[in-house]
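Novice: Before I ask anything, let me first share the structure, which is written out below as structure tokens.
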Amino acid sequence: MGGYMTERWQLAGHQIVAFDLDPAAVKRAAQTGAKPADSLASMVKQLAAPRAIWMMVPSGDPVDQTIAKLLPLLSPGDTIIDGGNSNYKDSQRRAADLKTKGFEFIDAGTSGGIWGLKEGYSLMIGGEKAAVERLTPIFEALAPAADKGWGHVGPAGAGHFTKMVHNGIEYALMQSYAEGLDLIRAKKDFAIDLQQVTEIWRYGSVVRSWLLDLMADALKKNPTLQDIAPYVADSGEGRWTAKEAIDLGVSTPVMNIALYQRFTTHDQEHFADRLLNVTRNEFGGHAVKKES
């Protein structure tokens, strides 16, 4: 696990042992009070049973590989917590498999990013009730407050499912802000200051939010977005949300469009647009604009 959670865990009165593939990350964790470990084996050895292992690794194979390396080192009754953005179906599978081996599994959908240490992390917890209750002091310490910003939302997989939808909403909110501000920017004769507008909206407005706060801060630092590429990555949760909506027959057009808009920023060839361009010429003789 990375060292950025260490300080808040210490507030819960638990001993923290940190391990990361990057020795520099372990060193940073040690500087905030964690005991350093140079291997998974060393980390597990320093923890008293029943242990709680919080993983923050990329979704997919890295999670399965980490669990596979941990299992021979752990004892029945230990709990593995996945705080990354895993697919909830993978979390259900992992929980079921670990249960047969005598281990608990908790999926902790975690939001808050790099600001989490200062503001607290929003935690959406999935897993068996007894395991979650035993580790409640950790969640209370990591959250914005003991009674705010976190909760046990359901069985294994429910935490990551809720976080998946959270990220789909995030896509849509960001897209709406970006489109609205782009529209204001396009009205050149008004010469409206976008950073000023975002500051106005931050207070009293019905569209105020933390995302807007961050956008206002970004515009303050770089009003013209100089040297910023028009490329928006998608880390997977938006795609999973769209697929789940299809499977459940739930209409989520705004979130889907926000996802598709990100796809358009990835297209360097713009083949579909080129095809539209030449087709207009074929049926109507419209001029074809060519690249300079």
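Residues are referred to by chain and number: the chain letter is A, B, ... according to the order shown in the structure tokens, the number counts from 1 in that chain, and ligands are numbered separately from 1 in the order shown.
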If you count only C-alpha atoms, which residues fall within 7 Å of segment 32-46 of chain A, apart from same-chain ones fewer than 4 positions away, as number ranges by chain?

Specialist: A: 6-7, 16-19, 26, 28, 70, 73

Novice: With N, CA and C atoms retained, could you export that selection as a PDB file, in the first residue's frame?

Specialist:
ATOM      1  N   THR A   6      -1.246   6.362   5.652  1.00  0.00           N
ATOM      2  CA  THR A   6      -0.657   5.992   6.931  1.00  0.00           C
ATOM      3  C   THR A   6      -1.047   6.924   8.065  1.00  0.00           C
ATOM      4  N   GLU A   7      -0.969   8.218   7.826  1.00  0.00           N
ATOM      5  CA  GLU A   7      -1.196   9.180   8.899  1.00  0.00           C
ATOM      6  C   GLU A   7      -2.586   9.044   9.490  1.00  0.00           C
ATOM      7  N   ILE A  16       0.718   0.441  11.855  1.00  0.00           N
ATOM      8  CA  ILE A  16       0.739   0.416  10.390  1.00  0.00           C
ATOM      9  C   ILE A  16       2.086  -0.097   9.911  1.00  0.00           C
ATOM     10  N   VAL A  17       2.043  -1.040   8.998  1.00  0.00           N
ATOM     11  CA  VAL A  17       3.249  -1.516   8.337  1.00  0.00           C
ATOM     12  C   VAL A  17       3.046  -1.288   6.847  1.00  0.00           C
ATOM     13  N   ALA A  18       4.002  -0.639   6.208  1.00  0.00           N
ATOM     14  CA  ALA A  18       3.842  -0.254   4.806  1.00  0.00           C
ATOM     15  C   ALA A  18       4.822  -0.981   3.900  1.00  0.00           C
ATOM     16  N   PHE A  19       4.302  -1.462   2.791  1.00  0.00           N
ATOM     17  CA  PHE A  19       5.141  -2.046   1.746  1.00  0.00           C
ATOM     18  C   PHE A  19       4.679  -1.540   0.388  1.00  0.00           C
ATOM     19  N   VAL A  26       7.749   3.554   0.394  1.00  0.00           N
ATOM     20  CA  VAL A  26       7.870   2.979   1.736  1.00  0.00           C
ATOM     21  C   VAL A  26       8.555   3.978   2.668  1.00  0.00           C
ATOM     22  N   ARG A  28       8.533   7.221   2.422  1.00  0.00           N
ATOM     23  CA  ARG A  28       7.594   8.302   2.744  1.00  0.00           C
ATOM     24  C   ARG A  28       6.604   7.858   3.812  1.00  0.00           C
ATOM     25  N   LEU A  70       0.024 -13.053  -1.185  1.00  0.00           N
ATOM     26  CA  LEU A  70      -0.279 -12.849   0.232  1.00  0.00           C
ATOM     27  C   LEU A  70      -0.772 -14.122   0.920  1.00  0.00           C
ATOM     28  N   LEU A  73       1.154 -16.342   3.201  1.00  0.00           N
ATOM     29  CA  LEU A  73       1.734 -15.634   4.338  1.00  0.00           C
ATOM     30  C   LEU A  73       0.725 -15.348   5.439  1.00  0.00           C
TER      31      LEU A  73
END

Novice: So which residues touch segment 249-264 of chain A within 10 Å, counting only C-alpha atoms, skipping near sequence neighbours fewer than 3 positions away, as an NGL selection string?

Specialist: :A and (165 or 167-176 or 230-234 or 236-239 or 241-246 or 267-268 or 270)

Novice: What is the distance, in Å and to one decimal place, between atom CA of Pro50 of chain A and atom CA of Tyr121 of chain A?

Specialist: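 Separation of atom CA of Pro50 of chain A and atom CA of Tyr121 of chain A: 24.2 Å.
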
Novice: Output as a PyMOL selection string all residues of segment 59-180 of chain A that backbone DSSP marks as alpha helix (DSSP H).

Specialist: chain A and resi 61-70+88-100+116-119+129-134+136-142+158-180

Novice: Mind the document's chain letters and residue numbers, and return as an NGL selection string the residues of segment 36-87 of chain A that DSSP labels strand (DSSP E).

Specialist: :A and (36 or 52-55 or 79-82)

Novice: Would you mind exporting C-alpha atoms of the selected residues as a CSV table (one decimal), in the first residue's frame?

Specialist:
chain,number,residue,atom,x,y,z
A,36,PRO,CA,8.7,0.0,6.8
A,52,ALA,CA,-6.0,-6.4,7.9
A,53,ILE,CA,-4.1,-5.9,4.6
A,54,TRP,CA,-5.2,-2.8,2.6
A,55,MET,CA,-4.2,-3.0,-1.1
A,79,THR,CA,-8.9,-9.7,6.1
A,80,ILE,CA,-7.8,-8.4,2.7
A,81,ILE,CA,-9.2,-5.0,1.7
A,82,ASP,CA,-9.1,-3.8,-1.9

Novice: Would you list the contacts of segment 271-277 of chain A as a list of chain:residue names, taking every protein, DNA or RNA residue within 9 Å and counting only C-alpha atoms, but skipping same-chain residues closer than 2 positions in sequence?

Specialist: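 The filter keeps A:Asp267, A:Gln268, A:Glu269, A:Thr279, A:Arg280, A:Asn281, A:His286, A:Ala287, A:Val288, A:Lys289.
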
Novice: Write to file, as an mmCIF file, in the first residue's frame, the residues of the selection just made, with N, CA and C atoms.

Specialist:
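Saved to selection-v7.cif:
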data_model
loop_
_atom_site.group_PDB
_atom_site.id
_atom_site.type_symbol
_atom_site.label_atom_id
_atom_site.label_comp_id
_atom_site.auth_asym_id
_atom_site.auth_seq_id
_atom_site.Cartn_x
_atom_site.Cartn_y
_atom_site.Cartn_z
ATOM 1 N N ASP A 267 -9.133 9.777 -30.517
ATOM 2 C CA ASP A 267 -9.060 9.464 -31.945
ATOM 3 C C ASP A 267 -8.138 10.437 -32.669
ATOM 4 N N GLN A 268 -6.987 9.958 -33.071
ATOM 5 C CA GLN A 268 -6.024 10.797 -33.790
ATOM 6 C C GLN A 268 -6.267 10.811 -35.290
ATOM 7 N N GLU A 269 -6.973 9.804 -35.798
ATOM 8 C CA GLU A 269 -7.216 9.714 -37.238
ATOM 9 C C GLU A 269 -8.534 10.367 -37.645
ATOM 10 N N THR A 279 -18.418 12.061 -47.971
ATOM 11 C CA THR A 279 -19.756 11.611 -48.356
ATOM 12 C C THR A 279 -20.652 12.794 -48.714
ATOM 13 N N ARG A 280 -20.510 13.898 -47.988
ATOM 14 C CA ARG A 280 -21.278 15.101 -48.335
ATOM 15 C C ARG A 280 -20.953 15.561 -49.748
ATOM 16 N N ASN A 281 -19.719 15.393 -50.139
ATOM 17 C CA ASN A 281 -19.329 15.750 -51.495
ATOM 18 C C ASN A 281 -19.962 14.813 -52.518
ATOM 19 N N HIS A 286 -20.819 19.048 -52.100
ATOM 20 C CA HIS A 286 -20.301 20.006 -51.139
ATOM 21 C C HIS A 286 -18.782 20.007 -51.153
ATOM 22 N N ALA A 287 -18.206 21.165 -50.906
ATOM 23 C CA ALA A 287 -16.755 21.279 -50.923
ATOM 24 C C ALA A 287 -16.132 20.399 -49.846
ATOM 25 N N VAL A 288 -15.021 19.795 -50.183
ATOM 26 C CA VAL A 288 -14.291 18.949 -49.240
ATOM 27 C C VAL A 288 -13.124 19.745 -48.680
ATOM 28 N N LYS A 289 -13.169 19.941 -47.355
ATOM 29 C CA LYS A 289 -12.058 20.649 -46.715
ATOM 30 C C LYS A 289 -10.935 19.672 -46.478
#

Novice: Record the distance separating atom CA of Ala145 of chain A and atom CA of Arg94 of chain A, expressed in Å with one decimal.

Specialist: 29.4 Å

Novice: Tell me, counting only C-alpha atoms, for each residue of segment 52-160 of chain A within 12 Å of segment 197-217 of chain A, which pair of atoms is nearest and how far apart they are in Å to one decimal, in rows ordered by chain and increasing number, as a tab-separated table.

Specialist:
residue	atom	partner	partner_atom	distance
A:Gly112	CA	A:Trp210	CA	10.2
A:Gly113	CA	A:Leu211	CA	11.8
A:Ile114	CA	A:Leu214	CA	11.9
A:Trp115	CA	A:Leu214	CA	10.6
A:Glu119	CA	A:Trp210	CA	11.1

Novice: Do a neighbour search on Gly77 of chain A at 7 Å with only C-alpha atoms, toss out local chain neighbours closer than 5 positions, and write the hits as a ChimeraX atom specification.

Specialist: /A:50,102-104
